[in-house]
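Visitor: The following block contains the structure, expressed as structure tokens.
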Amino acid sequence: MSPTRTPKITLIGAGGYVFPFRLIGDVLSFPALRSAQLCLMDVDPGKLAPVADAARKLVAHHGFDAEVVETTDRREALDGADFVVITFQVGGVASYRHDVEVPRRYGVDQTVGDTVGPGGVFRFLRSVPAYDAIVADALEVCPQAVFINYANPMAMATAYLNARGLRTVGLCHSVQGTTRMLARTLDVPYEEVDYLCAGINHQAWVLRFRRGGEDLYPRLREVMGERHVVGRPAADLAGDDGDHSGAALAASTYEGGNEQVRTTLMNAFGYFETESSHHASEYLPYFRKDPETVQRYVPQRWDYYEICAAHDDRGDVEDQLARLKAELAPSVEYGASIVNSVVTGVPCVVYGNVPNATGLIANLPAEACVEVPCLVDRNGVQPTAVGALPPQLAALNRTNVNVQTLAVEAALTGDREHVFHAVALDPLTAAQCTLEQVRAMTDELLAAHADLLPAALRP
């Protein structure tokens with residue numbers, strides 16, 4: 001975009017009850033973006049209105065020139081956009097219920113079920129028609145826009161949008177959340193830590209963790225090994241304050257209170273993983289085989305569907321508005337930093353999910369969507385090549401890449417058999433189910449989500 005033009009920043013799915021408004025606060029935290037046009041789009045005007053109203057109040061409170069536009073018209077929102085942020089979940093909690101409850105009847109107990117596994121596959125597939133509609137409009141009215149995807153399943157959605165022709169980077173908070181937690185655990189100032197992470201979303205690896213000339217990994221292994229003993233009751237864990245409510249658990253995902261899974265993975269494979277132990281436990285076959293095993297490794301029950309179903313979203317935006325009026329400062333999310341760097345040319349480094357087509361991670365497939373450090377400046381998001389992962393880490397990643405690439409292939413080709421293949425190759429599902437059971441479960445999920453699926457994939 002022209003360095004003198006006011007940027008248009010579009011949020012698709014802006015009616016979400018927490019994240020979109022926090023992102024608006026992040027954008028307005030950067031002086032160069034305080035005269036931007038913020039175009040907020042959602043299919044539900046009732047959910048969109050409170051977010052847009054709060055955004056206008058925030059702009060007015062701080063005396064900025066930003067323009068806040070709200071619309072339910074997708075094409076209008078995309079027209080002329082310089083940046084497009086995707087934050088929606090198609091089907092909401094009602095569809096999410098099928099993602100977790102149907103697999104659970106077959107013994108597949110997903111703690112979140114939004115990234116891989118049966119839940120991740122179907123969350124992606126029911127979003128494909130919405131992605132297709134965005135692509136069709138965007139290629140006409142904003143083909144040069146930078147697309148920022150925050151929607152899960154991150155790797156599948158980001159890979160699909162890129163395959164359909166949109167320049168898309170997928171953003172998560174697991175790298176920055178985990179590295180901050182590790183620094184706190186070792187009582188090391190975060191700004192003094194030098195780290196490198198790479199892998200795939202929710203299963204990237206902390207390849208380097210140093211302070212000056214000191215390798216912090218030996219101390220990390222010692223401290224985590226002492227604090228996170230498999231089988232220890234959750235209330236005995238270091239850093240656990242005893243508050244086991246859904247809100248507290250969600251807020252403390254990266255606080256290190258329950259890290260038997262990641263500590264076990266580090267001890268077995270040599271490196272710490274970037275997603276919380278609750279969530280990481282469903283990406284591999286080792287930790288959720290039966291209720292007894294789950295209790296040993298994840299003694300605090302953390303069920304994201306139940307948290308979402310019980311959440312009362314009244315007041316969330318107002319609470320955030322009060323905080324951002326008092327102190328307007330960016331969060332740890334990368335999205336606004338990307339926008340600021342492209343607009344101003346002031347560089348930053350973020351961890352982004354991008355296609356591996358150029359071999360950014362040499363021992364992962366070209367069709368994978370990988371999470372690597374990216375330089376951002378006026379030239380846009382520029383991923384950096386990290387070479388080959390340690391072979392055992394690449395092998396673990398490939399078990400999840402198999403699921404992701406087959407789900408994307410199903411969406412691109414309309415081949416319903418690839419939906420079955422994707423679910424069958426999920427490590428946790430394969431550990432629990434026969435192929436006949438996988439087939440039955442896949443058929444149930446296809447039927448449950450039929451109205452939202454691409455036409456070619458409907459049963």
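In the structure tokens, chains take letters A, B, ... by order of appearance, with residues numbered from 1 within each chain and ligands from 1 in the order shown.
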Can you list, as a PyMOL selection string, every protein, DNA or RNA residue that comes within 9 Å of His98 (chain A) when you count only C-alpha atoms, leaving out same-chain residues fewer than 5 positions away?
Guide: chain A and resi 103+119+445+448-449
Visitor: Contacts between region 330-352 of chain A and region 39-146 of chain A, please, where a residue of region 39-146 of chain A counts if it comes within 9 Å (with only C-alpha atoms); show its shortest atom pair and distance in Å to one decimal, rows by chain and ascending number, as a tab-separated table.
Guide:
```
residue	atom	partner	partner_atom	distance
A:Phe83	CA	A:Val339	CA	7.2
A:Val85	CA	A:Gly335	CA	8.1
A:Val146	CA	A:Val339	CA	8.6
```
Visitor: Just list the residues in region 169-405 of chain A DSSP gives helix (DSSP H, G or I) on the backbone, as number ranges by chain.
Guide: A: 174-185, 190-192, 217-227, 234-236, 246-251, 260-269, 277-280, 291-297, 304-310, 316-326, 335-344, 391-405
Visitor: For Pro285 (chain A), please output as a ChimeraX atom specification all residues within 6 Å (counting only C-alpha atoms; exclusion window: fewer than 2 positions along the same chain).
Guide: /A:427-428,431
Visitor: Which residues in region 262-351 of chain A does DSSP call strand (DSSP E or B)? List them as a ChimeraX atom specification.
Guide: /A:272-273,348-351
Visitor: A:Gly213, A:Pro373, A:Pro391, A:Pro454: which is nearest Gln176 (chain A), counting only C-alpha atoms?
Guide: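 Between A:Gly213, A:Pro373, A:Pro391, A:Pro454, the residue approaching Gln176 (chain A) most closely is A:Pro373.
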Visitor: Nearest to Gly16 (chain A): which of A:Val59, A:Leu328, A:Ile86, A:Leu457 is it, counting only C-alpha atoms?
Guide: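 Closest to Gly16 (chain A), using only C-alpha atoms: A:Ile86.
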Visitor: Kindly provide the residues of region 35-142 of chain A that approach region 289-304 of chain A to within 9 Å, each paired with its closest atom pair and their distance in Å to one decimal, based on only C-alpha atoms, listed by chain and increasing number, as a tab-separated table.
Guide:
```
residue	atom	partner	partner_atom	distance
A:Gly107	CA	A:Asp290	CA	8.0
A:Val108	CA	A:Lys289	CA	8.3
A:Asp109	CA	A:Lys289	CA	8.6
A:Gln110	CA	A:Asp303	CA	8.1
A:Thr111	CA	A:Asp303	CA	5.0
A:Val112	CA	A:Tyr304	CA	5.1
A:Gly113	CA	A:Tyr304	CA	8.3
```
Visitor: Output N, CA, C and O atoms for every residue in the selection just made, as a CSV table (one decimal), in the first residue's frame.
Guide:
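For reference, selection.csv as written:
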```
chain,number,residue,atom,x,y,z
A,107,GLY,N,-14.8,-43.1,22.1
A,107,GLY,CA,-13.6,-43.2,23.0
A,107,GLY,C,-12.5,-42.1,22.7
A,107,GLY,O,-11.4,-42.2,23.3
A,108,VAL,N,-12.8,-41.2,21.8
A,108,VAL,CA,-11.9,-40.1,21.4
A,108,VAL,C,-12.2,-38.9,22.3
A,108,VAL,O,-13.1,-38.1,21.9
A,109,ASP,N,-11.5,-38.7,23.4
A,109,ASP,CA,-11.8,-37.6,24.3
A,109,ASP,C,-10.9,-36.5,24.0
A,109,ASP,O,-9.7,-36.4,24.5
A,110,GLN,N,-11.4,-35.5,23.3
A,110,GLN,CA,-10.6,-34.3,22.9
A,110,GLN,C,-10.8,-33.2,24.0
A,110,GLN,O,-11.9,-32.9,24.3
A,111,THR,N,-9.7,-32.7,24.5
A,111,THR,CA,-9.9,-31.6,25.5
A,111,THR,C,-10.3,-30.3,24.9
A,111,THR,O,-11.0,-29.5,25.5
A,112,VAL,N,-9.9,-30.1,23.6
A,112,VAL,CA,-10.4,-28.9,22.9
A,112,VAL,C,-11.1,-29.3,21.6
A,112,VAL,O,-12.2,-28.8,21.3
A,113,GLY,N,-10.4,-30.0,20.7
A,113,GLY,CA,-11.0,-30.5,19.5
A,113,GLY,C,-11.2,-29.4,18.5
A,113,GLY,O,-12.3,-29.4,17.8
```
Visitor: Might you pull out every residue within 8 Å of Leu125 (chain A), with only C-alpha atoms counted and same-chain residues fewer than 3 positions away left off, and present them as JSON, numbers by chain?
Guide: {"A": [121, 122, 128, 407, 411, 453, 454]}
